[in-house]
$ cat upload.cif   # mmCIF, C-alpha atoms
data_protein
loop_
_atom_site.label_atom_id
_atom_site.label_comp_id
_atom_site.auth_asym_id
_atom_site.auth_seq_id
_atom_site.Cartn_x
_atom_site.Cartn_y
_atom_site.Cartn_z
CA MET A 1 83.97 93.96 -92.14
CA SER A 2 81.35 92.97 -89.60
CA ASP A 3 81.91 93.48 -85.88
CA THR A 4 80.73 89.93 -85.23
CA ILE A 5 81.64 86.51 -86.53
CA GLN A 6 79.54 83.36 -86.51
CA SER A 7 81.27 80.04 -86.02
CA LYS A 8 80.46 77.01 -88.15
CA LEU A 9 78.87 75.60 -85.00
CA GLY A 10 76.39 78.48 -84.80
CA LYS A 11 77.73 80.68 -82.01
CA THR A 12 78.23 84.42 -82.61
CA TYR A 13 81.27 86.27 -81.24
CA VAL A 14 82.36 89.88 -81.15
CA ARG A 15 85.33 89.90 -83.51
CA SER A 16 87.46 92.11 -81.26
CA ASP A 17 87.04 89.59 -78.39
CA ILE A 18 88.71 86.80 -80.36
CA ASP A 19 92.48 86.29 -80.34
CA GLU A 20 92.68 84.74 -83.80
CA ALA A 21 96.45 84.19 -83.66
CA ALA A 22 96.19 82.29 -80.37
CA LEU A 23 93.30 80.12 -81.64
CA LEU A 24 95.13 79.27 -84.88
CA SER A 25 98.27 78.47 -82.88
CA GLU A 26 96.21 76.12 -80.70
CA ILE A 27 94.78 74.39 -83.80
CA ASN A 28 98.26 74.01 -85.28
CA THR A 29 99.47 72.45 -82.02
CA LEU A 30 96.48 70.09 -81.86
CA LYS A 31 96.84 68.91 -85.46
CA LYS A 32 100.41 67.75 -84.78
CA GLN A 33 99.54 65.68 -81.70
CA GLY A 34 99.29 61.89 -81.91
CA ALA A 35 96.53 60.58 -84.16
CA ASN A 36 95.65 64.14 -85.23
CA SER A 37 98.82 64.28 -87.35
CA ARG A 38 97.33 61.71 -89.76
CA CYS A 39 94.09 62.11 -91.68
CA ALA A 40 91.12 60.60 -89.82
CA GLU A 41 89.91 59.02 -93.09
CA CYS A 42 92.93 57.90 -95.14
CA SER A 43 95.90 58.32 -92.74
CA ALA A 44 97.68 60.73 -95.11
CA THR A 45 99.82 63.59 -93.85
CA PRO A 46 99.64 66.48 -93.32
CA THR A 47 96.28 67.28 -91.77
CA ALA A 48 95.60 70.72 -93.18
CA TRP A 49 91.83 70.71 -92.64
CA ALA A 50 89.36 69.90 -89.89
CA SER A 51 85.73 68.96 -89.54
CA VAL A 52 84.67 71.14 -86.63
CA SER A 53 81.29 69.42 -86.32
CA LEU A 54 82.89 65.97 -86.04
CA GLY A 55 86.08 67.04 -84.28
CA VAL A 56 88.48 65.33 -86.72
CA PHE A 57 91.59 66.48 -88.57
CA ILE A 58 91.75 65.52 -92.25
CA CYS A 59 93.96 65.90 -95.33
CA THR A 60 93.19 68.17 -98.28
CA LYS A 61 91.72 65.36 -100.42
CA CYS A 62 89.49 64.14 -97.61
CA ALA A 63 88.32 67.71 -96.96
CA GLN A 64 86.63 67.44 -100.37
CA VAL A 65 85.08 64.13 -99.32
CA HIS A 66 83.74 65.73 -96.13
CA ARG A 67 82.31 68.66 -98.10
CA SER A 68 80.52 66.11 -100.29
CA LEU A 69 78.93 64.56 -97.19
CA GLY A 70 77.06 67.83 -96.69
CA ALA A 71 77.21 70.51 -93.99
CA HIS A 72 74.54 68.68 -92.00
CA ILE A 73 77.18 65.98 -91.35
CA SER A 74 80.58 67.67 -91.63
CA LYS A 75 81.49 71.35 -91.39
CA VAL A 76 84.96 71.65 -92.92
CA LYS A 77 87.48 74.37 -92.08
CA SER A 78 91.08 75.02 -93.13
CA CYS A 79 93.84 74.84 -90.51
CA MET A 80 96.20 76.82 -92.76
CA GLY A 81 95.24 80.30 -91.56
CA THR A 82 92.82 81.17 -94.35
CA TYR A 83 89.76 80.95 -92.10
CA GLU A 84 89.05 82.63 -88.78
CA TRP A 85 88.66 80.13 -85.94
CA CYS A 86 86.20 80.70 -83.09
CA PRO A 87 86.59 79.50 -79.49
CA ASP A 88 83.79 76.91 -79.74
CA GLU A 89 85.37 75.37 -82.84
CA VAL A 90 88.76 75.04 -81.14
CA ALA A 91 87.02 73.59 -78.07
CA ALA A 92 85.29 70.98 -80.26
CA MET A 93 88.62 69.96 -81.79
CA LYS A 94 90.21 69.71 -78.33
CA ALA A 95 87.28 67.70 -76.97
CA VAL A 96 87.34 65.10 -79.74
CA GLY A 97 90.33 64.77 -82.08
CA ASN A 98 91.05 61.77 -84.26
CA GLU A 99 91.70 59.25 -81.48
CA LYS A 100 88.44 59.92 -79.64
CA ALA A 101 86.59 60.07 -82.96
CA ASN A 102 87.73 56.50 -83.59
CA GLN A 103 86.16 55.53 -80.27
CA ILE A 104 82.94 57.39 -81.04
CA TYR A 105 82.44 56.54 -84.72
CA GLY A 106 84.56 53.40 -85.02
CA VAL A 107 87.11 52.73 -87.71
CA ALA A 108 86.30 51.49 -91.18
CA PRO A 109 87.82 48.14 -92.13
CA PRO A 110 91.17 48.44 -93.96
CA PRO A 111 90.78 48.95 -97.71
CA VAL A 112 91.64 46.11 -100.08
CA LYS A 113 92.86 48.58 -102.73
CA PRO A 114 93.99 52.23 -102.79
CA LEU A 115 91.16 54.52 -101.72
CA ASP A 116 89.25 56.54 -104.31
CA HIS A 117 88.74 60.13 -103.06
CA SER A 118 86.15 61.02 -105.72
CA MET A 119 82.51 61.86 -105.01
CA GLY A 120 80.76 58.53 -104.73
CA GLY A 121 84.12 56.76 -104.45
CA ASP A 122 85.33 54.37 -101.77
CA LEU A 123 86.35 57.05 -99.30
CA PHE A 124 83.10 58.98 -99.67
CA ASN A 125 81.12 55.78 -98.99
CA ARG A 126 83.33 54.87 -96.01
CA ALA A 127 82.94 58.38 -94.51
CA LYS A 128 79.16 58.34 -95.11
CA ASN A 129 78.94 54.92 -93.45
CA ARG A 130 81.11 56.09 -90.55
CA TYR A 131 79.54 59.46 -89.72
CA GLU A 132 76.00 59.36 -91.09
CA LYS A 133 75.06 55.69 -90.77
CA LYS A 134 77.45 55.00 -87.86
CA MET A 135 78.07 51.50 -89.26
CA TYR A 136 81.48 51.12 -87.61
CA ALA A 137 80.56 52.37 -84.14
CA SER A 138 80.86 49.71 -81.49
CA ALA A 139 77.71 48.66 -79.70
CA THR A 140 79.85 48.39 -76.55
CA PRO A 141 81.47 51.65 -75.44
CA PRO A 142 85.27 51.58 -75.00
CA ALA A 143 86.66 51.15 -71.48
CA GLN A 144 88.32 54.56 -71.45
CA LYS A 145 86.34 57.79 -71.42
CA SER A 146 84.99 59.01 -74.72
CA ALA A 147 83.45 62.37 -75.55
CA PRO A 148 80.01 63.07 -74.09
CA PRO A 149 76.98 62.67 -76.34
CA PRO A 150 76.69 65.43 -78.92
CA THR A 151 73.77 67.79 -79.16
CA GLN A 152 72.49 69.34 -82.37
CA GLN A 153 72.77 73.11 -82.76
CA SER A 154 72.34 74.85 -86.10
CA GLY A 155 72.97 71.59 -87.94
CA GLY A 156 76.39 71.04 -86.34
CA ILE A 157 77.49 68.98 -83.39
CA VAL A 158 78.39 70.83 -80.23
CA TRP A 159 80.20 68.90 -77.51
CA GLU A 160 79.04 69.81 -74.03
CA CYS A 161 81.96 69.11 -71.70
CA LYS A 162 82.54 69.91 -68.09
CA ASP A 163 86.05 70.18 -66.68
CA GLU A 164 85.40 67.25 -64.36
CA ASP A 165 84.52 65.04 -67.38
CA TRP A 166 88.11 65.14 -68.64
#
$ encode --input "upload.cif" --output "structure tokens"
Amino acid sequence: MSDTIQSKLGKTYVRSDIDEAALLSEINTLKKQGANSRCAECSATPTAWASVSLGVFICTKCAQVHRSLGAHISKVKSCMGTYEWCPDEVAAMKAVGNEKANQIYGVAPPPVKPLDHSMGGDLFNRAKNRYEKKMYASATPPAQKSAPPPTQQSGGIVWECKDEDW
């Protein structure tokens, strides 16, 4: 096993410097809070996965949808303890979360029929429109604070936050 680990957001860490149990515990706490307890795409429970590049918690079916979007849009990671979490990934999830993501990316209109989770299905198209085309994002920013503008790093989104911003 390597002495270092690279996060899905591109940062490299010394493996022995990471408290994996504490980071996973933090993710498990975050995924149960408010809007994070329901999938950012279809509102299903539980949220067993996350898109660390977008900062949203998602269900197992929608994790497949996010994988189909491509890693240049969504970098998917399990919250079930099968993947190692890095500090920058946990920070991204804390900085955004499902509620703030709705402010940033907007919310797709309610479906008129049950959502199709297949590649090229309704949910895939809604997620592509939401995150890649940003079709649902409001032209007017919400009154309350939203996450700062993202910057690109290694194809993922990294949120640059200062303590005084939050």
$ resolve_selection --input "upload.cif" --expression "the PyMOL selection byres ((chain A and resi 40-44) around 8)" --output "ChimeraX atom specification"
/A:35-36,38-39,45-47,56-59,62,98,115,123,127
$ write_last_selection --input "upload.cif" --atoms "C-alpha atoms" --output "compact mmCIF listing (two decimals), in the coordinates of the input"
# COMPACT_ATOMS: atom_id res chain seq x y z
CA ALA A 35 96.53 60.58 -84.16
CA ASN A 36 95.65 64.14 -85.23
CA ARG A 38 97.33 61.71 -89.76
CA CYS A 39 94.09 62.11 -91.68
CA THR A 45 99.82 63.59 -93.85
CA PRO A 46 99.64 66.48 -93.32
CA THR A 47 96.28 67.28 -91.77
CA VAL A 56 88.48 65.33 -86.72
CA PHE A 57 91.59 66.48 -88.57
CA ILE A 58 91.75 65.52 -92.25
CA CYS A 59 93.96 65.90 -95.33
CA CYS A 62 89.49 64.14 -97.61
CA ASN A 98 91.05 61.77 -84.26
CA LEU A 115 91.16 54.52 -101.72
CA LEU A 123 86.35 57.05 -99.30
CA ALA A 127 82.94 58.38 -94.51
$ residues_around --input "upload.cif" --residues "segment 135-139 of chain A" --least-positions-apart "5" --cutoff "12 Å" --atoms "all atoms listed in the file" --output "list in words"
Lys100, Ala101, Asn102, Gln103, Ile104, Tyr105, Gly106, Val107, Ala108, Pro109, Pro110, Asn125, Arg126, Ala127, Lys128, Asn129 and Arg130 of chain A
$ atom_distance --input "upload.cif" --atom1 "atom CA of Gly34 of chain A" --atom2 "atom CA of Ala92 of chain A"
16.8 Å
$ closest_atom_pairs --input "upload.cif" --of "segment 25-74 of chain A" --to "segment 7-18 of chain A" --cutoff "12 Å" --atoms "only C-alpha atoms" --output "tab-separated table"
residue	atom	partner	partner_atom	distance
A:Ala50	CA	A:Lys8	CA	11.5
A:Ser51	CA	A:Lys8	CA	9.7
A:Val52	CA	A:Lys8	CA	7.4
A:Ser53	CA	A:Leu9	CA	6.8
A:Leu54	CA	A:Leu9	CA	10.5
A:Gly55	CA	A:Leu9	CA	11.2
A:Ala71	CA	A:Lys8	CA	9.3
A:His72	CA	A:Leu9	CA	10.8
A:Ile73	CA	A:Leu9	CA	11.7
A:Ser74	CA	A:Lys8	CA	10.0
$ resolve_selection --input "upload.cif" --expression "the PyMOL selection byres ((chain A and resi 86) around 8)" --output "ChimeraX atom specification"
/A:6-7,13,18,20,23,84-85,87-90
$ build_atoms --input "upload.cif" --residues "segment 58-69 of chain A" --atoms "all heavy atoms" --output "compact mmCIF listing (two decimals), keeping the file's coordinate frame"
# COMPACT_ATOMS: atom_id res chain seq x y z
N ILE A 58 91.74 66.24 -90.98
CA ILE A 58 91.75 65.52 -92.25
C ILE A 58 92.73 66.16 -93.24
O ILE A 58 93.13 67.31 -93.07
CB ILE A 58 90.33 65.46 -92.86
CG1 ILE A 58 89.69 66.84 -92.91
CG2 ILE A 58 89.44 64.50 -92.06
CD1 ILE A 58 88.27 66.90 -93.46
N CYS A 59 93.07 65.40 -94.28
CA CYS A 59 93.96 65.90 -95.33
C CYS A 59 93.14 66.72 -96.35
O CYS A 59 91.91 66.75 -96.29
CB CYS A 59 94.68 64.74 -96.02
SG CYS A 59 93.62 63.71 -97.06
N THR A 60 93.84 67.33 -97.28
CA THR A 60 93.19 68.17 -98.28
C THR A 60 92.21 67.37 -99.15
O THR A 60 91.09 67.83 -99.41
CB THR A 60 94.25 68.86 -99.16
OG1 THR A 60 95.10 69.64 -98.30
CG2 THR A 60 93.63 69.76 -100.19
N LYS A 61 92.61 66.18 -99.58
CA LYS A 61 91.72 65.36 -100.42
C LYS A 61 90.47 64.95 -99.65
O LYS A 61 89.36 64.98 -100.18
CB LYS A 61 92.44 64.13 -100.95
CG LYS A 61 93.44 64.43 -102.04
CD LYS A 61 94.07 63.14 -102.55
CE LYS A 61 95.03 63.41 -103.67
NZ LYS A 61 95.64 62.18 -104.19
N CYS A 62 90.64 64.57 -98.41
CA CYS A 62 89.49 64.14 -97.61
C CYS A 62 88.60 65.31 -97.20
O CYS A 62 87.43 65.12 -96.90
CB CYS A 62 89.94 63.31 -96.41
SG CYS A 62 90.51 61.66 -96.92
N ALA A 63 89.15 66.53 -97.21
CA ALA A 63 88.32 67.71 -96.96
C ALA A 63 87.24 67.80 -98.04
O ALA A 63 86.09 68.14 -97.76
CB ALA A 63 89.17 68.98 -96.94
N GLN A 64 87.61 67.46 -99.27
CA GLN A 64 86.63 67.44 -100.37
C GLN A 64 85.58 66.36 -100.13
O GLN A 64 84.39 66.57 -100.38
CB GLN A 64 87.33 67.21 -101.72
CG GLN A 64 88.28 68.31 -102.11
CD GLN A 64 87.58 69.65 -102.30
OE1 GLN A 64 86.37 69.73 -102.52
NE2 GLN A 64 88.32 70.73 -102.20
N VAL A 65 86.02 65.22 -99.64
CA VAL A 65 85.08 64.13 -99.32
C VAL A 65 84.10 64.60 -98.25
O VAL A 65 82.89 64.39 -98.38
CB VAL A 65 85.84 62.86 -98.85
CG1 VAL A 65 84.89 61.82 -98.29
CG2 VAL A 65 86.67 62.28 -100.00
N HIS A 66 84.61 65.26 -97.21
CA HIS A 66 83.74 65.73 -96.13
C HIS A 66 82.78 66.80 -96.62
O HIS A 66 81.62 66.83 -96.19
CB HIS A 66 84.58 66.24 -94.95
CG HIS A 66 84.97 65.15 -94.01
ND1 HIS A 66 84.45 65.04 -92.74
CD2 HIS A 66 85.79 64.08 -94.17
CE1 HIS A 66 84.95 63.97 -92.16
NE2 HIS A 66 85.78 63.38 -93.00
N ARG A 67 83.22 67.67 -97.52
CA ARG A 67 82.31 68.66 -98.10
C ARG A 67 81.18 67.95 -98.84
O ARG A 67 80.03 68.38 -98.80
CB ARG A 67 83.06 69.59 -99.06
CG ARG A 67 83.78 70.69 -98.38
CD ARG A 67 84.21 71.74 -99.41
NE ARG A 67 85.13 72.66 -98.79
CZ ARG A 67 86.45 72.54 -98.83
NH1 ARG A 67 87.01 71.56 -99.49
NH2 ARG A 67 87.21 73.42 -98.23
N SER A 68 81.53 66.86 -99.53
CA SER A 68 80.52 66.11 -100.29
C SER A 68 79.50 65.43 -99.38
O SER A 68 78.38 65.16 -99.81
CB SER A 68 81.21 65.03 -101.15
OG SER A 68 82.07 65.63 -102.10
N LEU A 69 79.87 65.17 -98.13
CA LEU A 69 78.93 64.56 -97.19
C LEU A 69 77.79 65.52 -96.87
O LEU A 69 76.70 65.09 -96.50
CB LEU A 69 79.63 64.18 -95.88
CG LEU A 69 80.64 63.06 -95.94
CD1 LEU A 69 81.38 62.94 -94.61
CD2 LEU A 69 79.97 61.75 -96.30
